[in-house]
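Enquirer: My structure is below; once you've seen it, I'll send some questions.
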Amino acid sequence: RVDVRREFRYRLSYYAMFLTATILAVTGLCLPVRSFNPLQGVESAEGSHRRLCPPMDNVPQPPERVNTSHILHRLRAEMRRNTVVHGPPIDAYIVTTDDAHQSEFVAEHDERLRYISGFSGSYGVAVVTETKAALWTDGRYLLQADNELGCDWLLMGRGDVQSSMPEWVSTMMKPGGRIGADSALVSSAAWERWAKKLSENSIYLLPIRNNIVDHIWGVNQPPYSKHDAHVWPIEYAGKTWQEKVAAVRTMVEGQGCDAMVVTSLDEIAWLLNIRGRDIPYSPVLRAYVVLTKNQLSMYVPANKLDLSVQRQLRTDNCYSAFCVRLQNYSAIWEDLRTLSQVWRKVLLPAEDEFSQGFSRAINSYIAVSDGENWDELTVAY
């Protein structure tokens, strides 16, 4: 009897579907494909179909939707100011979810994409031109982005942002156009892909030293965490930080490199057996580390290491290979420019499925080989 009932239900549902299709065919009633899957792919240069866009009278918008039109207006105004971009006006500006260490999750201070768009996902890339604003994200966040973005934003579909974003920009801008970005917030690998694709249409990707979003955010931008870093106990770390540094130095020398620049925050936390609270839900500290055969330098904001960390890292009177020389966080840029002049080869983190690698800014501050006196300067791992 159970099998008979199951067969009956199956046949009934089949006939219902057949009858519905017949009625639609006879009456000529066609439903648009969009209504079944409103976020399927990039339909055009105007993006995917947006829920409840444009706004309708007496129809409430999603409660999480954020209107950022006033911020976009200010951003476009700054794009035209020579004193902000340090050069001729730019035609478009790229904003990513990254921080200067290419972290997946960032501090509130670094949530620039959320500030200009309302989108709170952990991955996204936005482009703002004089007339349009478009955002790319992956499949995890399409529905979320559709609810959070105001109707003046285009939501691009499931295409690969590495290829689709430059293609869209190429359709929006004329040859000779200028698009800017903060090079510290874009991985070197992504920058090279974007620049290559854009150059095919004579569009120039330019580093903008002053972050325009920070400029308009101003005093309302949340500060970085003031919590101190702390020592990670040896019973959890497994090895002392000196043992880890010695092992890393052996690997660096084995690659024929003079130095290694560590940019990933979780790698720094592991290497030095310290933990921090600079990013919500991530026990890391904002810092850079430069490791050579005889020196170990840490670039960290002032007053972030308590006495226990300073004692562990032996920061006072540091003159040996197994102590840490503390430097100001922002000094990394000029030091890289100076130190790289005496390095023949430096090890930098490569892009892989788990990491975006190092930023374009790191790459640009390291001296370039002249082809005569140096070997290949930069090698990625």
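How things are named: the first chain in the structure tokens is A, the next is B, and so on; residues count from 1 in each chain; ligands count from 1 in the order shown.
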Quick one: residues within 12 Å of Gly87 of chain A, only C-alpha atoms counted, chain neighbours fewer than 2 positions away excluded, as a PyMOL selection string?
Expert: chain A and resi 78-85+89-90+178+180+206-210
Enquirer: Residues of segment 185-302 of chain A that approach segment 103-106 of chain A to 9 Å or less, counting only C-alpha atoms: could you list each one with the shortest pair of atoms and its distance in Å to one decimal, rows by chain and increasing residue number, as JSON lines?
Expert:
{"residue": "A:Ser264", "atom": "CA", "partner": "A:Ser103", "partner_atom": "CA", "distance": 7.3}
{"residue": "A:Leu265", "atom": "CA", "partner": "A:Ser103", "partner_atom": "CA", "distance": 7.7}
{"residue": "A:Asp278", "atom": "CA", "partner": "A:Val106", "partner_atom": "CA", "distance": 8.6}
{"residue": "A:Ile279", "atom": "CA", "partner": "A:Val106", "partner_atom": "CA", "distance": 5.7}
{"residue": "A:Pro280", "atom": "CA", "partner": "A:Val106", "partner_atom": "CA", "distance": 7.5}
{"residue": "A:Tyr281", "atom": "CA", "partner": "A:Phe105", "partner_atom": "CA", "distance": 8.7}
{"residue": "A:Ser282", "atom": "CA", "partner": "A:Phe105", "partner_atom": "CA", "distance": 8.0}
Enquirer: Set the distance at 8 Å and use only C-alpha atoms: which residues neighbour Val66 of chain A once local chain neighbours fewer than 4 positions away are removed? I'd like the list as a list of chain:residue names.
Expert: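 Those residues are A:Ser117, A:Gly118, A:Glu148, A:Leu149, A:Gly150.
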Enquirer: Contacts of Ala134 of chain A at 7 Å or less, counting only C-alpha atoms, minus same-chain residues fewer than 6 places along, as a ChimeraX atom specification?
Expert: /A:126-128,153-156
Enquirer: With C-alpha atoms retained, write the just-selected residues as a short mmCIF file (atom, residue, chain, number, x, y, z; two decimals), in the first residue's frame.
Expert:
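Result went into selection10.cif, see below:
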data_model
loop_
_atom_site.label_atom_id
_atom_site.label_comp_id
_atom_site.auth_asym_id
_atom_site.auth_seq_id
_atom_site.Cartn_x
_atom_site.Cartn_y
_atom_site.Cartn_z
CA ALA A 126 34.65 47.49 -5.59
CA VAL A 127 35.26 49.98 -8.39
CA VAL A 128 33.87 53.50 -8.24
CA TRP A 153 25.44 49.92 -6.53
CA LEU A 154 25.84 47.33 -9.28
CA LEU A 155 26.24 43.77 -7.98
CA MET A 156 28.34 41.74 -10.34
#
Enquirer: Would you give me, as a list in words, the residues in segment 97-136 of chain A that DSSP reads as strand (DSSP E)?
Expert: Val125, Ala126, Val127, Val128, Thr129, Ala133, Ala134, Leu135 and Trp136 of chain A
Enquirer: Which one is closest to Ala302 of chain A: A:Val262, A:Arg275, A:Arg344, A:Ala229? Count only C-alpha atoms.
Expert: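 Among the listed residues, A:Ala229 lies closest to Ala302 of chain A.
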